[in-house]
Amino acid sequence: MKPIRRGLCLLAALFLLGTALAACSMPSATDDGKLRLVTTCFPLYDFASQIVGDRAEVTLLLKPGEESHSYEPTPKDILAIRNCDLFLCIGGQSDRWVTTLIGGDDMKHLRVLSLIDCVTPLVSHEDEHEHEVGEETVTYDEHIWTSPTNAQAMVKAIRDAVIAIDPDNRSHYEERSVAYLAELTALDCALRTLVDRAERKTLLFGDRFPFLYFVNAYGLTYYAAFSGCSEESEVSAATIAFLIDKVRSESLPVVLITELSSGRIAESIAEATGATILSLHSCNNITADEAASGVTYLSLMQQNLTVLRTALGERSETT
(Lines give C-alpha, C1' and ligand atoms only; values in the text may rest on other atoms or scores of the structure.)
Protein backbone atom coordinates (compact mmCIF):
# COMPACT_ATOMS: atom_id res chain seq x y z
CA MET A 1 0.00 0.00 0.00
CA LYS A 2 1.32 3.45 -0.91
CA PRO A 3 2.44 5.70 2.02
CA ILE A 4 -0.18 8.42 1.32
CA ARG A 5 -3.01 5.91 1.19
CA ARG A 6 -1.79 4.22 4.34
CA GLY A 7 -1.57 7.56 6.11
CA LEU A 8 -5.14 8.40 5.18
CA CYS A 9 -6.32 5.01 6.43
CA LEU A 10 -4.59 5.60 9.77
CA LEU A 11 -6.10 9.08 10.11
CA ALA A 12 -9.53 7.59 9.43
CA ALA A 13 -8.93 4.94 12.09
CA LEU A 14 -7.87 7.61 14.57
CA PHE A 15 -11.03 9.59 13.83
CA LEU A 16 -13.19 6.53 14.41
CA LEU A 17 -11.32 5.80 17.62
CA GLY A 18 -11.93 9.32 18.87
CA THR A 19 -15.63 8.93 18.13
CA ALA A 20 -15.73 5.64 19.99
CA LEU A 21 -13.95 7.07 23.03
CA ALA A 22 -16.37 9.95 23.16
CA ALA A 23 -19.27 7.51 23.27
CA CYS A 24 -17.98 5.17 25.95
CA SER A 25 -15.63 5.03 28.88
CA MET A 26 -12.13 3.64 28.51
CA PRO A 27 -11.54 0.03 29.55
CA SER A 28 -9.82 -0.42 32.89
CA ALA A 29 -6.64 -2.40 33.51
CA THR A 30 -6.84 -6.18 33.69
CA ASP A 31 -8.51 -7.40 36.88
CA ASP A 32 -5.58 -9.66 37.75
CA GLY A 33 -3.10 -6.78 37.54
CA LYS A 34 -1.06 -8.35 34.73
CA LEU A 35 1.00 -6.23 32.41
CA ARG A 36 -0.42 -5.60 28.97
CA LEU A 37 2.03 -5.95 26.09
CA VAL A 38 1.04 -5.30 22.48
CA THR A 39 3.22 -6.46 19.57
CA THR A 40 3.09 -5.79 15.84
CA CYS A 41 4.41 -9.07 14.42
CA PHE A 42 4.80 -12.74 15.34
CA PRO A 43 8.49 -12.80 16.37
CA LEU A 44 7.94 -10.00 18.87
CA TYR A 45 4.82 -11.72 20.19
CA ASP A 46 6.66 -15.00 20.64
CA PHE A 47 9.76 -13.44 22.23
CA ALA A 48 7.64 -11.45 24.68
CA SER A 49 5.51 -14.49 25.53
CA GLN A 50 8.61 -16.58 26.23
CA ILE A 51 9.91 -13.91 28.62
CA VAL A 52 6.77 -13.05 30.59
CA GLY A 53 5.06 -16.42 30.83
CA ASP A 54 1.86 -16.04 32.82
CA ARG A 55 2.83 -12.70 34.34
CA ALA A 56 1.55 -10.60 31.42
CA GLU A 57 -1.06 -10.53 28.67
CA VAL A 58 0.58 -10.37 25.23
CA THR A 59 -1.46 -9.27 22.21
CA LEU A 60 -0.46 -9.76 18.57
CA LEU A 61 -1.96 -7.15 16.24
CA LEU A 62 -1.20 -8.99 13.00
CA LYS A 63 -3.82 -11.64 12.34
CA PRO A 64 -2.79 -15.13 11.10
CA GLY A 65 -2.22 -15.09 7.36
CA GLU A 66 -2.35 -11.29 7.15
CA GLU A 67 0.22 -9.46 5.01
CA SER A 68 2.44 -7.54 7.41
CA HIS A 69 3.84 -5.07 4.88
CA SER A 70 0.43 -3.53 4.20
CA TYR A 71 -0.97 -3.77 7.73
CA GLU A 72 -2.92 -0.80 9.08
CA PRO A 73 -4.24 -0.67 12.66
CA THR A 74 -7.98 -0.80 13.20
CA PRO A 75 -9.70 1.37 15.85
CA LYS A 76 -9.72 -1.73 18.10
CA ASP A 77 -5.96 -2.14 17.57
CA ILE A 78 -5.33 1.51 18.39
CA LEU A 79 -7.38 1.16 21.58
CA ALA A 80 -5.32 -1.87 22.60
CA ILE A 81 -2.09 0.07 21.97
CA ARG A 82 -3.35 3.09 23.91
CA ASN A 83 -4.10 0.97 26.99
CA CYS A 84 -1.03 -1.25 27.02
CA ASP A 85 1.94 -0.99 29.37
CA LEU A 86 4.48 -1.64 26.60
CA PHE A 87 4.17 -1.46 22.84
CA LEU A 88 6.69 -3.53 20.86
CA CYS A 89 7.37 -2.78 17.20
CA ILE A 90 10.20 -3.37 14.73
CA GLY A 91 10.48 0.25 13.66
CA GLY A 92 11.10 -0.37 9.95
CA GLN A 93 9.37 0.79 6.81
CA SER A 94 6.18 -1.14 7.53
CA ASP A 95 5.91 0.46 10.97
CA ARG A 96 5.89 4.07 9.79
CA TRP A 97 2.29 4.32 10.94
CA VAL A 98 3.60 4.02 14.50
CA THR A 99 5.23 7.47 14.28
CA THR A 100 1.90 9.04 13.32
CA LEU A 101 0.05 7.13 16.01
CA ILE A 102 2.31 7.92 18.96
CA GLY A 103 2.49 11.59 17.96
CA GLY A 104 -1.00 12.19 19.34
CA ASP A 105 -1.57 13.81 22.73
CA ASP A 106 -3.40 10.74 24.03
CA MET A 107 -0.35 8.55 23.30
CA LYS A 108 2.31 10.61 25.08
CA HIS A 109 2.20 8.22 28.04
CA LEU A 110 2.92 5.21 25.85
CA ARG A 111 6.10 3.17 26.35
CA VAL A 112 7.37 2.11 22.93
CA LEU A 113 10.26 -0.25 22.25
CA SER A 114 11.54 -0.17 18.67
CA LEU A 115 13.59 -3.35 18.26
CA ILE A 116 15.53 -2.29 15.17
CA ASP A 117 17.39 0.05 17.53
CA CYS A 118 18.94 -2.88 19.42
CA VAL A 119 20.68 -4.46 16.41
CA THR A 120 22.96 -3.29 13.61
CA PRO A 121 20.53 -2.58 10.76
CA LEU A 122 21.35 -3.51 7.18
CA VAL A 123 20.41 -1.32 4.21
CA SER A 124 17.49 -2.80 2.31
CA HIS A 125 18.63 -4.13 -1.06
CA GLU A 126 15.46 -2.67 -2.54
CA ASP A 127 16.71 0.77 -1.57
CA GLU A 128 20.49 0.65 -1.84
CA HIS A 129 20.65 1.26 -5.59
CA GLU A 130 18.41 4.32 -5.37
CA HIS A 131 20.06 6.22 -2.52
CA GLU A 132 23.47 6.66 -1.00
CA VAL A 133 24.05 5.34 2.51
CA GLY A 134 23.82 8.21 4.98
CA GLU A 135 20.99 10.04 3.25
CA GLU A 136 17.74 10.49 5.13
CA THR A 137 15.91 8.48 2.49
CA VAL A 138 17.86 5.29 3.13
CA THR A 139 15.66 2.50 4.47
CA TYR A 140 16.77 -0.56 6.39
CA ASP A 141 15.67 -4.14 6.03
CA GLU A 142 13.25 -4.78 8.87
CA HIS A 143 13.40 -8.60 9.05
CA ILE A 144 15.95 -8.39 11.83
CA TRP A 145 14.79 -11.52 13.69
CA THR A 146 15.85 -13.93 10.90
CA SER A 147 19.32 -13.91 12.48
CA PRO A 148 19.22 -15.86 15.78
CA THR A 149 22.00 -13.57 17.06
CA ASN A 150 19.71 -10.59 16.50
CA ALA A 151 16.89 -12.55 18.14
CA GLN A 152 19.02 -12.83 21.27
CA ALA A 153 19.61 -9.07 21.31
CA MET A 154 15.88 -8.48 20.88
CA VAL A 155 15.01 -10.83 23.74
CA LYS A 156 17.43 -9.00 26.04
CA ALA A 157 15.97 -5.62 25.09
CA ILE A 158 12.40 -6.83 25.72
CA ARG A 159 13.45 -8.41 29.02
CA ASP A 160 15.02 -5.17 30.22
CA ALA A 161 12.01 -3.10 29.17
CA VAL A 162 9.59 -5.40 30.97
CA ILE A 163 11.71 -5.43 34.14
CA ALA A 164 11.82 -1.63 34.11
CA ILE A 165 8.01 -1.59 34.22
CA ASP A 166 7.59 -4.51 36.62
CA PRO A 167 10.70 -4.82 38.82
CA ASP A 168 8.84 -6.90 41.41
CA ASN A 169 8.89 -9.85 38.98
CA ARG A 170 12.51 -9.36 37.90
CA SER A 171 13.64 -12.86 38.92
CA HIS A 172 10.79 -14.48 36.97
CA TYR A 173 11.62 -12.59 33.78
CA GLU A 174 15.36 -13.15 34.16
CA GLU A 175 15.02 -16.89 34.75
CA ARG A 176 12.79 -17.37 31.75
CA SER A 177 15.08 -15.22 29.60
CA VAL A 178 18.18 -17.19 30.58
CA ALA A 179 16.49 -20.45 29.56
CA TYR A 180 15.22 -19.01 26.28
CA LEU A 181 18.53 -17.38 25.38
CA ALA A 182 20.21 -20.76 25.87
CA GLU A 183 17.84 -22.27 23.31
CA LEU A 184 18.57 -19.46 20.85
CA THR A 185 22.29 -20.00 21.36
CA ALA A 186 21.87 -23.72 20.64
CA LEU A 187 19.96 -22.86 17.44
CA ASP A 188 22.72 -20.50 16.33
CA CYS A 189 25.37 -23.17 17.00
CA ALA A 190 23.41 -25.76 15.01
CA LEU A 191 23.13 -23.39 12.05
CA ARG A 192 26.84 -22.52 12.16
CA THR A 193 27.76 -26.19 12.30
CA LEU A 194 25.52 -26.92 9.32
CA VAL A 195 27.04 -24.10 7.25
CA ASP A 196 30.58 -25.12 8.22
CA ARG A 197 29.92 -28.66 6.94
CA ALA A 198 27.78 -27.64 3.96
CA GLU A 199 28.60 -28.81 0.45
CA ARG A 200 27.22 -25.52 -0.91
CA LYS A 201 27.06 -21.96 0.40
CA THR A 202 24.35 -20.67 -1.94
CA LEU A 203 20.58 -20.34 -1.53
CA LEU A 204 18.23 -19.53 -4.40
CA PHE A 205 14.77 -18.05 -3.87
CA GLY A 206 12.12 -18.10 -6.56
CA ASP A 207 10.34 -15.57 -4.41
CA ARG A 208 10.72 -12.45 -2.30
CA PHE A 209 13.73 -12.28 0.00
CA PRO A 210 13.30 -11.52 3.73
CA PHE A 211 16.50 -13.32 4.82
CA LEU A 212 19.17 -10.63 4.44
CA TYR A 213 20.17 -10.78 8.12
CA PHE A 214 20.22 -14.57 8.03
CA VAL A 215 22.55 -14.95 5.05
CA ASN A 216 24.74 -12.14 6.39
CA ALA A 217 25.06 -13.88 9.77
CA TYR A 218 26.15 -17.21 8.26
CA GLY A 219 28.20 -16.03 5.29
CA LEU A 220 25.86 -17.42 2.62
CA THR A 221 25.43 -16.27 -0.97
CA TYR A 222 21.91 -15.89 -2.35
CA TYR A 223 19.96 -15.22 -5.52
CA ALA A 224 16.31 -14.19 -5.49
CA ALA A 225 13.50 -13.20 -7.83
CA PHE A 226 13.05 -10.00 -5.81
CA SER A 227 15.74 -8.14 -3.87
CA GLY A 228 13.57 -7.85 -0.77
CA CYS A 229 9.88 -7.96 0.07
CA SER A 230 8.85 -5.73 -2.81
CA GLU A 231 5.15 -5.15 -3.45
CA GLU A 232 5.79 -5.99 -7.11
CA SER A 233 3.98 -9.14 -8.23
CA GLU A 234 5.67 -9.70 -11.58
CA VAL A 235 9.22 -10.75 -12.32
CA SER A 236 10.93 -10.32 -15.68
CA ALA A 237 11.65 -13.20 -18.03
CA ALA A 238 15.33 -12.22 -17.85
CA THR A 239 15.34 -12.68 -14.07
CA ILE A 240 13.75 -16.12 -14.32
CA ALA A 241 16.27 -17.11 -17.00
CA PHE A 242 19.09 -15.89 -14.76
CA LEU A 243 17.82 -17.97 -11.83
CA ILE A 244 17.41 -21.05 -14.01
CA ASP A 245 20.99 -20.63 -15.19
CA LYS A 246 22.22 -20.36 -11.59
CA VAL A 247 20.42 -23.53 -10.55
CA ARG A 248 22.03 -25.39 -13.43
CA SER A 249 25.53 -23.90 -13.24
CA GLU A 250 25.83 -24.37 -9.46
CA SER A 251 23.93 -27.67 -9.34
CA LEU A 252 21.48 -26.35 -6.75
CA PRO A 253 18.99 -29.05 -5.74
CA VAL A 254 16.45 -26.72 -4.13
CA VAL A 255 14.47 -23.63 -5.11
CA LEU A 256 13.18 -21.87 -2.00
CA ILE A 257 9.93 -20.04 -1.39
CA THR A 258 8.70 -18.24 1.72
CA GLU A 259 5.56 -18.84 3.73
CA LEU A 260 2.27 -17.59 2.25
CA SER A 261 3.83 -17.59 -1.23
CA SER A 262 1.92 -18.59 -4.37
CA GLY A 263 5.05 -20.41 -5.55
CA ARG A 264 4.45 -19.53 -9.21
CA ILE A 265 7.97 -18.27 -9.91
CA ALA A 266 9.60 -21.20 -8.14
CA GLU A 267 7.43 -23.62 -10.13
CA SER A 268 8.74 -22.16 -13.41
CA ILE A 269 12.35 -22.56 -12.23
CA ALA A 270 11.79 -26.06 -10.87
CA GLU A 271 10.05 -27.19 -14.05
CA ALA A 272 13.03 -26.05 -16.15
CA THR A 273 15.72 -27.50 -13.88
CA GLY A 274 14.26 -30.43 -11.99
CA ALA A 275 15.02 -28.75 -8.64
CA THR A 276 12.82 -29.41 -5.62
CA ILE A 277 10.70 -26.59 -4.16
CA LEU A 278 10.98 -26.18 -0.40
CA SER A 279 9.74 -23.45 1.94
CA LEU A 280 11.96 -21.45 4.28
CA HIS A 281 9.87 -19.73 6.95
CA SER A 282 10.74 -16.11 7.68
CA CYS A 283 8.60 -16.20 10.88
CA ASN A 284 7.14 -12.82 9.89
CA ASN A 285 3.63 -14.18 10.31
CA ILE A 286 1.95 -17.54 10.69
CA THR A 287 -1.16 -19.18 9.31
CA ALA A 288 -4.30 -19.97 11.29
CA ASP A 289 -3.35 -23.67 11.34
CA GLU A 290 0.13 -22.83 12.63
CA ALA A 291 -1.37 -20.62 15.32
CA ALA A 292 -3.73 -23.41 16.38
CA SER A 293 -0.86 -25.90 16.57
CA GLY A 294 1.17 -23.58 18.80
CA VAL A 295 4.22 -23.02 16.60
CA THR A 296 7.01 -20.82 17.95
CA TYR A 297 9.97 -18.97 16.51
CA LEU A 298 12.21 -21.83 17.63
CA SER A 299 10.03 -24.58 16.15
CA LEU A 300 9.83 -22.74 12.82
CA MET A 301 13.59 -22.20 12.78
CA GLN A 302 14.10 -25.90 13.51
CA GLN A 303 11.96 -26.63 10.44
CA ASN A 304 14.21 -24.25 8.52
CA LEU A 305 17.27 -26.15 9.74
CA THR A 306 15.88 -29.33 8.16
CA VAL A 307 15.19 -27.50 4.87
CA LEU A 308 18.69 -26.03 4.86
CA ARG A 309 20.27 -29.45 5.26
CA THR A 310 18.70 -30.38 1.93
CA ALA A 311 19.35 -27.04 0.23
CA LEU A 312 23.00 -26.75 1.28
CA GLY A 313 23.91 -30.38 1.72
CA GLU A 314 25.81 -31.57 4.76
CA ARG A 315 29.08 -33.47 4.63
CA SER A 316 29.64 -36.17 7.22
CA GLU A 317 31.84 -35.10 10.13
CA THR A 318 35.41 -36.18 9.55
CA THR A 319 37.28 -38.08 12.20
# chains A, B, ... in the order shown; residues from 1 in each chain; ligands from 1
$ closest_atom_pairs --of "region 41-127 of chain A" --to "region 140-153 of chain A" --cutoff "12 Å" --atoms "only C-alpha atoms" --output "tab-separated table"
residue	atom	partner	partner_atom	distance
A:Cys41	CA	A:His143	CA	10.5
A:Phe42	CA	A:Trp145	CA	10.2
A:Pro43	CA	A:Trp145	CA	7.0
A:Leu44	CA	A:Trp145	CA	8.7
A:Tyr45	CA	A:Trp145	CA	11.9
A:Asp46	CA	A:Ala151	CA	10.8
A:Phe47	CA	A:Ala151	CA	8.3
A:Ala48	CA	A:Ala151	CA	11.4
A:Ile51	CA	A:Gln152	CA	11.8
A:Ser68	CA	A:His143	CA	11.1
A:His69	CA	A:Glu142	CA	10.2
A:Cys89	CA	A:Glu142	CA	10.4
A:Ile90	CA	A:Glu142	CA	6.8
A:Gly91	CA	A:Glu142	CA	7.5
A:Gly92	CA	A:Glu142	CA	5.0
A:Gln93	CA	A:Glu142	CA	7.1
A:Ser94	CA	A:Glu142	CA	8.1
A:Asp95	CA	A:Glu142	CA	9.3
A:Arg96	CA	A:Glu142	CA	11.6
A:Ser114	CA	A:Glu142	CA	11.0
A:Leu115	CA	A:Ile144	CA	8.5
A:Ile116	CA	A:Ile144	CA	7.0
A:Asp117	CA	A:Ala153	CA	10.1
A:Cys118	CA	A:Ala153	CA	6.5
A:Val119	CA	A:Asn150	CA	6.2
A:Thr120	CA	A:Asn150	CA	8.5
A:Pro121	CA	A:Tyr140	CA	6.1
A:Leu122	CA	A:Tyr140	CA	5.5
A:Val123	CA	A:Tyr140	CA	4.3
A:Ser124	CA	A:Asp141	CA	4.4
A:His125	CA	A:Asp141	CA	7.7
A:Glu126	CA	A:Asp141	CA	8.7
A:Asp127	CA	A:Tyr140	CA	8.1
$ select_by_dssp --residues "region 47-283 of chain A" --states "strand (DSSP E or B)" --output "MDAnalysis selection string"
chainID A and resid 56:60 86:89 112:114 123 140 198 202:205 221:224 254:257 276:279
$ closest_residue --among "A:Leu220, A:Leu37, A:Val98, A:Ile240" --to "Ala198 (chain A)" --atoms "only C-alpha atoms"
A:Leu220
$ closest_residue --among "A:Thr306, A:Thr193, A:Thr99, A:Asn169" --to "Asp54 (chain A)" --atoms "only C-alpha atoms"
A:Asn169
$ residues_around --residues "Asp85 (chain A)" --least-positions-apart "3" --cutoff "12 Å" --atoms "only C-alpha atoms" --output "ChimeraX atom specification"
/A:29-30,33-39,56-59,80-82,88,107,109-113,161-166
$ decode --residues "region 151-201 of chain A" --atoms "N, CA and C atoms" --output "JSON list (two decimals), in the first residue's frame"
[["chain", "number", "residue", "atom", "x", "y", "z"],
["A", 151, "ALA", "N", 18.01, -12.14, 17.28],
["A", 151, "ALA", "CA", 16.89, -12.55, 18.14],
["A", 151, "ALA", "C", 17.31, -12.49, 19.60],
["A", 152, "GLN", "N", 18.53, -12.89, 19.90],
["A", 152, "GLN", "CA", 19.02, -12.83, 21.27],
["A", 152, "GLN", "C", 19.08, -11.38, 21.78],
["A", 153, "ALA", "N", 19.55, -10.48, 20.92],
["A", 153, "ALA", "CA", 19.61, -9.07, 21.31],
["A", 153, "ALA", "C", 18.21, -8.52, 21.54],
["A", 154, "MET", "N", 17.26, -8.94, 20.73],
["A", 154, "MET", "CA", 15.88, -8.48, 20.88],
["A", 154, "MET", "C", 15.27, -9.00, 22.17],
["A", 155, "VAL", "N", 15.53, -10.25, 22.49],
["A", 155, "VAL", "CA", 15.01, -10.83, 23.74],
["A", 155, "VAL", "C", 15.56, -10.07, 24.95],
["A", 156, "LYS", "N", 16.84, -9.75, 24.93],
["A", 156, "LYS", "CA", 17.43, -9.00, 26.04],
["A", 156, "LYS", "C", 16.81, -7.62, 26.18],
["A", 157, "ALA", "N", 16.57, -6.96, 25.05],
["A", 157, "ALA", "CA", 15.97, -5.62, 25.09],
["A", 157, "ALA", "C", 14.55, -5.67, 25.64],
["A", 158, "ILE", "N", 13.78, -6.69, 25.22],
["A", 158, "ILE", "CA", 12.40, -6.83, 25.72],
["A", 158, "ILE", "C", 12.43, -7.15, 27.20],
["A", 159, "ARG", "N", 13.32, -8.06, 27.60],
["A", 159, "ARG", "CA", 13.45, -8.41, 29.02],
["A", 159, "ARG", "C", 13.72, -7.16, 29.87],
["A", 160, "ASP", "N", 14.66, -6.36, 29.45],
["A", 160, "ASP", "CA", 15.02, -5.17, 30.22],
["A", 160, "ASP", "C", 13.87, -4.17, 30.29],
["A", 161, "ALA", "N", 13.14, -4.03, 29.19],
["A", 161, "ALA", "CA", 12.01, -3.10, 29.17],
["A", 161, "ALA", "C", 10.89, -3.56, 30.09],
["A", 162, "VAL", "N", 10.64, -4.86, 30.10],
["A", 162, "VAL", "CA", 9.59, -5.40, 30.97],
["A", 162, "VAL", "C", 9.98, -5.27, 32.44],
["A", 163, "ILE", "N", 11.24, -5.55, 32.75],
["A", 163, "ILE", "CA", 11.71, -5.43, 34.14],
["A", 163, "ILE", "C", 11.63, -3.98, 34.62],
["A", 164, "ALA", "N", 11.90, -3.04, 33.73],
["A", 164, "ALA", "CA", 11.82, -1.63, 34.11],
["A", 164, "ALA", "C", 10.41, -1.24, 34.51],
["A", 165, "ILE", "N", 9.41, -1.89, 33.90],
["A", 165, "ILE", "CA", 8.01, -1.59, 34.22],
["A", 165, "ILE", "C", 7.55, -2.39, 35.43],
["A", 166, "ASP", "N", 8.05, -3.61, 35.57],
["A", 166, "ASP", "CA", 7.59, -4.51, 36.62],
["A", 166, "ASP", "C", 8.77, -5.13, 37.36],
["A", 167, "PRO", "N", 9.50, -4.32, 38.12],
["A", 167, "PRO", "CA", 10.70, -4.82, 38.82],
["A", 167, "PRO", "C", 10.40, -5.87, 39.88],
["A", 168, "ASP", "N", 9.17, -5.92, 40.38],
["A", 168, "ASP", "CA", 8.84, -6.90, 41.41],
["A", 168, "ASP", "C", 8.96, -8.34, 40.89],
["A", 169, "ASN", "N", 8.81, -8.51, 39.58],
["A", 169, "ASN", "CA", 8.89, -9.85, 38.98],
["A", 169, "ASN", "C", 10.20, -10.05, 38.22],
["A", 170, "ARG", "N", 11.22, -9.29, 38.59],
["A", 170, "ARG", "CA", 12.51, -9.36, 37.90],
["A", 170, "ARG", "C", 13.03, -10.80, 37.81],
["A", 171, "SER", "N", 13.05, -11.52, 38.91],
["A", 171, "SER", "CA", 13.64, -12.86, 38.92],
["A", 171, "SER", "C", 12.90, -13.79, 37.96],
["A", 172, "HIS", "N", 11.60, -13.65, 37.88],
["A", 172, "HIS", "CA", 10.79, -14.48, 36.97],
["A", 172, "HIS", "C", 11.20, -14.23, 35.53],
["A", 173, "TYR", "N", 11.28, -12.94, 35.16],
["A", 173, "TYR", "CA", 11.62, -12.59, 33.78],
["A", 173, "TYR", "C", 13.07, -12.98, 33.45],
["A", 174, "GLU", "N", 13.95, -12.81, 34.41],
["A", 174, "GLU", "CA", 15.36, -13.15, 34.16],
["A", 174, "GLU", "C", 15.56, -14.65, 34.01],
["A", 175, "GLU", "N", 14.89, -15.44, 34.84],
["A", 175, "GLU", "CA", 15.02, -16.89, 34.75],
["A", 175, "GLU", "C", 14.50, -17.42, 33.43],
["A", 176, "ARG", "N", 13.36, -16.92, 33.02],
["A", 176, "ARG", "CA", 12.79, -17.37, 31.75],
["A", 176, "ARG", "C", 13.67, -16.92, 30.57],
["A", 177, "SER", "N", 14.22, -15.73, 30.67],
["A", 177, "SER", "CA", 15.08, -15.22, 29.60],
["A", 177, "SER", "C", 16.37, -16.04, 29.48],
["A", 178, "VAL", "N", 16.95, -16.39, 30.60],
["A", 178, "VAL", "CA", 18.18, -17.19, 30.58],
["A", 178, "VAL", "C", 17.93, -18.51, 29.85],
["A", 179, "ALA", "N", 16.82, -19.16, 30.19],
["A", 179, "ALA", "CA", 16.49, -20.45, 29.56],
["A", 179, "ALA", "C", 16.25, -20.28, 28.06],
["A", 180, "TYR", "N", 15.54, -19.22, 27.69],
["A", 180, "TYR", "CA", 15.22, -19.01, 26.28],
["A", 180, "TYR", "C", 16.46, -18.62, 25.48],
["A", 181, "LEU", "N", 17.29, -17.78, 26.05],
["A", 181, "LEU", "CA", 18.53, -17.38, 25.38],
["A", 181, "LEU", "C", 19.44, -18.59, 25.14],
["A", 182, "ALA", "N", 19.42, -19.54, 26.05],
["A", 182, "ALA", "CA", 20.21, -20.76, 25.87],
["A", 182, "ALA", "C", 19.72, -21.55, 24.66],
["A", 183, "GLU", "N", 18.41, -21.58, 24.47],
["A", 183, "GLU", "CA", 17.84, -22.27, 23.31],
["A", 183, "GLU", "C", 18.20, -21.55, 22.01],
["A", 184, "LEU", "N", 18.18, -20.23, 22.03],
["A", 184, "LEU", "CA", 18.57, -19.46, 20.85],
["A", 184, "LEU", "C", 20.05, -19.66, 20.53],
["A", 185, "THR", "N", 20.87, -19.75, 21.57],
["A", 185, "THR", "CA", 22.29, -20.00, 21.36],
["A", 185, "THR", "C", 22.51, -21.38, 20.73],
["A", 186, "ALA", "N", 21.76, -22.37, 21.19],
["A", 186, "ALA", "CA", 21.87, -23.72, 20.64],
["A", 186, "ALA", "C", 21.45, -23.73, 19.16],
["A", 187, "LEU", "N", 20.41, -22.98, 18.84],
["A", 187, "LEU", "CA", 19.96, -22.86, 17.44],
["A", 187, "LEU", "C", 21.05, -22.25, 16.58],
["A", 188, "ASP", "N", 21.64, -21.17, 17.07],
["A", 188, "ASP", "CA", 22.72, -20.50, 16.33],
["A", 188, "ASP", "C", 23.90, -21.46, 16.11],
["A", 189, "CYS", "N", 24.26, -22.21, 17.12],
["A", 189, "CYS", "CA", 25.37, -23.17, 17.00],
["A", 189, "CYS", "C", 25.05, -24.25, 15.97],
["A", 190, "ALA", "N", 23.81, -24.72, 15.97],
["A", 190, "ALA", "CA", 23.41, -25.76, 15.01],
["A", 190, "ALA", "C", 23.48, -25.23, 13.59],
["A", 191, "LEU", "N", 23.08, -24.00, 13.39],
["A", 191, "LEU", "CA", 23.13, -23.39, 12.05],
["A", 191, "LEU", "C", 24.57, -23.18, 11.60],
["A", 192, "ARG", "N", 25.42, -22.74, 12.51],
["A", 192, "ARG", "CA", 26.84, -22.52, 12.16],
["A", 192, "ARG", "C", 27.53, -23.85, 11.83],
["A", 193, "THR", "N", 27.19, -24.87, 12.57],
["A", 193, "THR", "CA", 27.76, -26.19, 12.30],
["A", 193, "THR", "C", 27.32, -26.69, 10.93],
["A", 194, "LEU", "N", 26.03, -26.50, 10.62],
["A", 194, "LEU", "CA", 25.52, -26.92, 9.32],
["A", 194, "LEU", "C", 26.25, -26.19, 8.19],
["A", 195, "VAL", "N", 26.39, -24.89, 8.31],
["A", 195, "VAL", "CA", 27.04, -24.10, 7.25],
["A", 195, "VAL", "C", 28.51, -24.49, 7.13],
["A", 196, "ASP", "N", 29.17, -24.72, 8.25],
["A", 196, "ASP", "CA", 30.58, -25.12, 8.22],
["A", 196, "ASP", "C", 30.78, -26.43, 7.46],
["A", 197, "ARG", "N", 29.81, -27.33, 7.58],
["A", 197, "ARG", "CA", 29.92, -28.66, 6.94],
["A", 197, "ARG", "C", 29.23, -28.71, 5.58],
["A", 198, "ALA", "N", 28.61, -27.62, 5.17],
["A", 198, "ALA", "CA", 27.78, -27.64, 3.96],
["A", 198, "ALA", "C", 28.58, -27.87, 2.69],
["A", 199, "GLU", "N", 27.98, -28.59, 1.76],
["A", 199, "GLU", "CA", 28.60, -28.81, 0.45],
["A", 199, "GLU", "C", 28.50, -27.55, -0.41],
["A", 200, "ARG", "N", 27.46, -26.76, -0.15],
["A", 200, "ARG", "CA", 27.22, -25.52, -0.91],
["A", 200, "ARG", "C", 27.02, -24.36, 0.05],
["A", 201, "LYS", "N", 27.26, -23.16, -0.42],
["A", 201, "LYS", "CA", 27.06, -21.96, 0.40],
["A", 201, "LYS", "C", 26.08, -20.99, -0.27]]
